Structures are given as structure tokens and as C-alpha cells.
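J.: Structure provided below as C-alpha cells; questions to follow.
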Amino acid sequence: MKIASFLRRNDLLGRSGLSGHSGLLAPHWRLVYLFLWGILVSAIQHVDILVGLNSLVMFILLLLLTYHGKPLKQYLKRWCQFHFFTLGVWLTLSWKMESNGIICYANGVHLATLISLRMNLILCSSWLLLLNVNDTLLLQAVKRLPLPIKFQHLFVLTVRYIALFSELNTKMELAMKARGYQAKCNFRTIKMTVQRVALLLIHALLKVEQSERALKARGFQPLSYCAHRQTSTNRKRT
């Protein structure tokens, strides 16, 4: 099966360690740095420090993207899409209801500012530390970390299917445009978007079933908590 062969191929890549990087800038060390940096950023409570760190990291990222010839427009588009969630945070935390109506909530605004700056800093830091690290190098880096084998397989499948769903979504978008579809603010656009999401979910369900069959073919038999507890109880009785 394709899933089993993909997992087996990444097992071999992980054992070989052919990552193309060495030393303290190896991809697996970058993941460690990113994890520790994320913990440190989450502990910062001062807005001024976060603003300064954001400015510094974004400036360095812009220089490196320009130096390596990366498409700045693509990164800007991803940055805007990511901050749609930030907009939701502001719409949720910046106000509260009292007896005299809806008022601005100062503590909520401060908290939303901290969350926004932290999210932006972690996002830009991720792009900076994982620059020029493709999917294959990322999978090899995970294989070199002291993580459980099941978690490694889960990460491999996650990276694989994100790429597959992105490719499928692109094909669907091109097919819709070829048939004259234009996204507008009307009922037809909403209907087509719902159908598009439904097809992606159906495709995801089929892929999950294929993955489950492939994992079972390799001897993976997940036990639920109740089944594991019943087995332990039976062993104690015997």
C-alpha cells in the first residue's frame, strides 16, 4: 500500500540521517530551538519587549527571504490568512457586557495584544528557523528526535496529508475556474464553498480508512482504554 511504503521509506530516511545539514543548525536542532523559544515567548508579559522582538525577527526574516529569493507575496498572503484568527481574538476579548451596555474591556484589550504579538513572533520565528527546510528534511528531523514511534508516524501522516489536501484543493479550484466560477458575495458562492468543503471531508475520510488498513497491515492494533483495562483485569484474575 502507498501509506505503508511511505512510512517504510521515511523510516529508512530517518535511520540514514541524510538531512543535508550538520552541526547546531541541523533541522532537528532547529525544532528544539523553536520549541524552547516558543516557551520563552509565552512567558513574556511586557508589550514593549514583544514589539521589539517582533520588529527584530521580522526584519531579519525579510532580509533572509530577499537574499534567498523567496516569494514575498506568498509569505504575505499566508501572514494575512494566519491573522484572521487574531482578528477573532480581538473581536472576542476587546469588549464586555455590563448593565449600561457593551463597553470596551481594557484587560481584554491588553490580553488580546499579548496574544497577537506572541502569535506573530512565534509564526515569524518558525519561518526564520525552518527556512529552506522542506517536508523531507522536516520528517528526517522528527525521526532524529527522542519521540515515541507512534507520534513519529502520526507526524509523517500529518505532513503527507496536508500536502495531499492542498494539492487536491488546488485542483478543485482550477477546475471550478475552468468552468467559469467566480467567488462573489451571494448564495451560489456559499453553496459551492459548502460542496467543496464536503468533498474535502469525504476525501479525508477515505484517506483515514486507507491509513487504518495500512497500519493494521503492518501489525498496528490500537486498543481502547476499556479494552486495555478489561485485558488487565482478566490477567489479574488468572
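Going through the C-alpha cells in order, the chains are called A, B, and so on, while each chain numbers its residues from 1 and the ligands are numbered from 1 in the order shown.
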Stretch 91-101 of chain A: which residues within 10 Å, counting only C-alpha atoms, same-chain residues fewer than 4 positions away excluded, as a list in words?

T.: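 In the requested format, the answer is Phe85, Thr86, Leu87, Tyr105, Ala106, Asn107, Gly108, Val109, His110, Leu111, Ala112 and Thr113 of chain A.
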
J.: With C-alpha atoms retained, write the just-selected residues as a JSON list (two decimals), in the first residue's frame.

T.:
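Written out: selection.json:
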[["chain", "number", "residue", "atom", "x", "y", "z"],
["A", 85, "PHE", "CA", -7.60, 34.09, 13.85],
["A", 86, "THR", "CA", -6.01, 37.11, 15.53],
["A", 87, "LEU", "CA", -8.95, 39.19, 14.37],
["A", 105, "TYR", "CA", -12.70, 45.93, 28.17],
["A", 106, "ALA", "CA", -9.20, 47.25, 28.98],
["A", 107, "ASN", "CA", -7.88, 43.98, 30.41],
["A", 108, "GLY", "CA", -9.23, 42.12, 27.40],
["A", 109, "VAL", "CA", -7.51, 44.54, 25.02],
["A", 110, "HIS", "CA", -4.22, 44.05, 26.86],
["A", 111, "LEU", "CA", -4.61, 40.27, 26.75],
["A", 112, "ALA", "CA", -5.51, 40.34, 23.03],
["A", 113, "THR", "CA", -2.42, 42.47, 22.37]]

J.: Looking only at strand (DSSP E) from DSSP on the backbone, list the matching residues of stretch 35-237 of chain A as a list in words.

T.: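 Of stretch 35-237 of chain A, only Trp95, Lys96, Met97, Glu98, Gly101, Ile102, Ile103 and Cys104 of chain A fall in strand (DSSP E).
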
J.: Write the selection just made, keeping N, CA, C and O atoms, as a compact mmCIF listing (two decimals), in the first residue's frame?

T.:
# COMPACT_ATOMS: atom_id res chain seq x y z
N TRP A 95 -14.18 43.48 24.37
CA TRP A 95 -15.40 44.09 24.86
C TRP A 95 -16.05 43.20 25.91
O TRP A 95 -15.73 42.02 26.03
N LYS A 96 -16.97 43.79 26.65
CA LYS A 96 -17.75 43.03 27.62
C LYS A 96 -19.09 43.72 27.82
O LYS A 96 -19.25 44.92 27.55
N MET A 97 -20.03 42.97 28.30
CA MET A 97 -21.38 43.49 28.51
C MET A 97 -21.61 43.80 29.98
O MET A 97 -21.27 42.99 30.86
N GLU A 98 -22.13 44.99 30.23
CA GLU A 98 -22.50 45.39 31.59
C GLU A 98 -23.94 45.90 31.59
O GLU A 98 -24.63 45.83 30.58
N GLY A 101 -24.74 48.44 28.95
CA GLY A 101 -24.49 48.08 27.56
C GLY A 101 -23.12 47.50 27.33
O GLY A 101 -22.43 47.06 28.27
N ILE A 102 -22.70 47.51 26.08
CA ILE A 102 -21.39 46.97 25.68
C ILE A 102 -20.33 48.06 25.83
O ILE A 102 -20.48 49.16 25.32
N ILE A 103 -19.27 47.74 26.54
CA ILE A 103 -18.18 48.69 26.75
C ILE A 103 -16.85 48.03 26.38
O ILE A 103 -16.75 46.80 26.27
N CYS A 104 -15.86 48.87 26.18
CA CYS A 104 -14.51 48.38 25.88
C CYS A 104 -13.89 47.81 27.16
O CYS A 104 -13.93 48.43 28.22

J.: Any chance you could tabulate, as a Markdown table, the residues of stretch 112-216 of chain A at most 12 Å from stretch 67-75 of chain A with each one's nearest atom pair and distance in Å to one decimal, using only C-alpha atoms, in chain and rising number order?

T.:
| residue | atom | partner | partner_atom | distance |
| --- | --- | --- | --- | --- |
| A:Leu123 | CA | A:Tyr75 | CA | 11.0 |
| A:Cys124 | CA | A:Tyr75 | CA | 10.0 |
| A:Trp127 | CA | A:Tyr75 | CA | 9.2 |
| A:Leu128 | CA | A:Tyr75 | CA | 11.7 |
| A:Leu131 | CA | A:His68 | CA | 9.5 |
| A:Asn132 | CA | A:His68 | CA | 8.9 |

J.: Wanna dump the stretch 73-142 of chain A-stretch 150-153 of chain A contacts at 12 Å for me, each residue with its shortest atom pair and the distance in Å to one decimal, counting only C-alpha atoms, ordered by chain and number, as JSON lines?

T.:
{"residue": "A:Leu138", "atom": "CA", "partner": "A:Gln152", "partner_atom": "CA", "distance": 11.2}
{"residue": "A:Leu139", "atom": "CA", "partner": "A:Gln152", "partner_atom": "CA", "distance": 8.4}
{"residue": "A:Gln140", "atom": "CA", "partner": "A:Gln152", "partner_atom": "CA", "distance": 9.9}
{"residue": "A:Ala141", "atom": "CA", "partner": "A:Gln152", "partner_atom": "CA", "distance": 10.2}
{"residue": "A:Val142", "atom": "CA", "partner": "A:Gln152", "partner_atom": "CA", "distance": 6.7}

J.: What does the file look like for those residues with all heavy atoms, as a tab-separated table (two decimals), in the first residue's frame?

T.:
chain	number	residue	atom	x	y	z
A	138	LEU	N	12.12	17.96	7.16
A	138	LEU	CA	11.36	18.07	8.40
A	138	LEU	C	11.03	16.69	8.97
A	138	LEU	O	11.13	16.46	10.18
A	138	LEU	CB	10.08	18.86	8.16
A	138	LEU	CG	9.24	19.21	9.39
A	138	LEU	CD1	10.04	20.06	10.36
A	138	LEU	CD2	7.97	19.93	8.97
A	139	LEU	N	10.67	15.76	8.10
A	139	LEU	CA	10.38	14.41	8.57
A	139	LEU	C	11.63	13.73	9.10
A	139	LEU	O	11.59	13.03	10.12
A	139	LEU	CB	9.78	13.59	7.42
A	139	LEU	CG	8.40	14.03	6.93
A	139	LEU	CD1	7.97	13.20	5.73
A	139	LEU	CD2	7.38	13.92	8.04
A	140	GLN	N	12.75	13.92	8.44
A	140	GLN	CA	14.01	13.36	8.92
A	140	GLN	C	14.39	13.95	10.27
A	140	GLN	O	14.93	13.24	11.14
A	140	GLN	CB	15.11	13.60	7.89
A	140	GLN	CG	14.90	12.88	6.57
A	140	GLN	CD	15.93	13.29	5.53
A	140	GLN	OE1	16.94	13.90	5.86
A	140	GLN	NE2	15.68	12.95	4.28
A	141	ALA	N	14.11	15.24	10.45
A	141	ALA	CA	14.43	15.89	11.72
A	141	ALA	C	13.59	15.30	12.85
A	141	ALA	O	14.10	15.07	13.96
A	141	ALA	CB	14.19	17.39	11.61
A	142	VAL	N	12.32	15.05	12.58
A	142	VAL	CA	11.46	14.45	13.61
A	142	VAL	C	11.95	13.04	13.95
A	142	VAL	O	11.90	12.63	15.12
A	142	VAL	CB	10.00	14.43	13.12
A	142	VAL	CG1	9.11	13.64	14.07
A	142	VAL	CG2	9.48	15.85	12.98

J.: For the interface of stretch 143-186 of chain A with stretch 28-36 of chain A (cut-off 12 Å, counting only C-alpha atoms), please tabulate each contacting residue of stretch 143-186 of chain A alongside its nearest pair of atoms and their separation in Å to one decimal, rows sorted by chain and increasing number, as a Markdown table.

T.:
| residue | atom | partner | partner_atom | distance |
| --- | --- | --- | --- | --- |
| A:Lys143 | CA | A:His28 | CA | 8.4 |
| A:Arg144 | CA | A:His28 | CA | 6.5 |
| A:Leu145 | CA | A:His28 | CA | 6.6 |
| A:Pro146 | CA | A:His28 | CA | 10.3 |
| A:Leu147 | CA | A:His28 | CA | 11.6 |

J.: As an NGL selection string, list the residues of stretch 71-236 of chain A assigned to helix (DSSP H, G or I) by DSSP on the backbone atoms of this structure.

T.: :A and (72-93 or 106-129 or 135-143 or 149-178 or 187-217 or 225-236)

J.: Skipping near chain neighbours, those fewer than 6 positions away, what residues fall within 12 Å of A:Leu40 using only C-alpha atoms, listed as a ChimeraX atom specification?

T.: /A:33-34,50,53,118,121-122

J.: Mind writing the picked residues with N, CA, C and O atoms as a JSON list (two decimals), in the first residue's frame?

T.:
[["chain", "number", "residue", "atom", "x", "y", "z"],
["A", 33, "TYR", "N", 15.26, 24.32, 19.15],
["A", 33, "TYR", "CA", 15.35, 25.76, 19.41],
["A", 33, "TYR", "C", 13.98, 26.42, 19.33],
["A", 33, "TYR", "O", 13.64, 27.28, 20.16],
["A", 34, "LEU", "N", 13.18, 26.02, 18.34],
["A", 34, "LEU", "CA", 11.86, 26.61, 18.16],
["A", 34, "LEU", "C", 10.94, 26.28, 19.34],
["A", 34, "LEU", "O", 10.17, 27.13, 19.80],
["A", 50, "LEU", "N", 7.83, 42.48, 23.50],
["A", 50, "LEU", "CA", 7.28, 41.72, 22.37],
["A", 50, "LEU", "C", 7.31, 42.52, 21.08],
["A", 50, "LEU", "O", 7.59, 41.97, 20.01],
["A", 53, "LEU", "N", 10.96, 42.49, 19.88],
["A", 53, "LEU", "CA", 11.34, 41.19, 19.33],
["A", 53, "LEU", "C", 10.66, 40.94, 17.99],
["A", 53, "LEU", "O", 11.27, 40.39, 17.06],
["A", 118, "ARG", "N", 2.53, 37.58, 20.57],
["A", 118, "ARG", "CA", 3.17, 36.28, 20.76],
["A", 118, "ARG", "C", 2.96, 35.38, 19.55],
["A", 118, "ARG", "O", 3.89, 34.72, 19.07],
["A", 121, "LEU", "N", 5.10, 36.61, 16.69],
["A", 121, "LEU", "CA", 6.51, 36.34, 16.93],
["A", 121, "LEU", "C", 6.84, 34.86, 16.72],
["A", 121, "LEU", "O", 7.87, 34.52, 16.10],
["A", 122, "ILE", "N", 5.98, 33.98, 17.21],
["A", 122, "ILE", "CA", 6.21, 32.54, 17.02],
["A", 122, "ILE", "C", 6.09, 32.17, 15.54],
["A", 122, "ILE", "O", 6.87, 31.35, 15.02]]

J.: When you draw a straight line from atom CA of A:His83 to atom CA of A:Val51, how long is it in Å?

T.: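 Between atom CA of A:His83 and atom CA of A:Val51 the gap is 16.2 Å.
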
J.: As an exercise, work out the distance from atom CA of A:Met58 to atom CA of A:Ser125 in Å and give it to one decimal place.

T.: 8.3 Å

J.: Using only C-alpha atoms, which residues sit within 12 Å of stretch 162-166 of chain A once same-chain residues fewer than 6 positions away are excluded, as a ChimeraX atom specification?

T.: /A:134-136,155-156,172-173,196-197,199-205,207

J.: Tell me, in Å to one decimal, how far atom CA of A:Phe187 is from atom CA of A:Arg78.

T.: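 According to the coordinates, atom CA of A:Phe187 and atom CA of A:Arg78 are separated by 26.7 Å.
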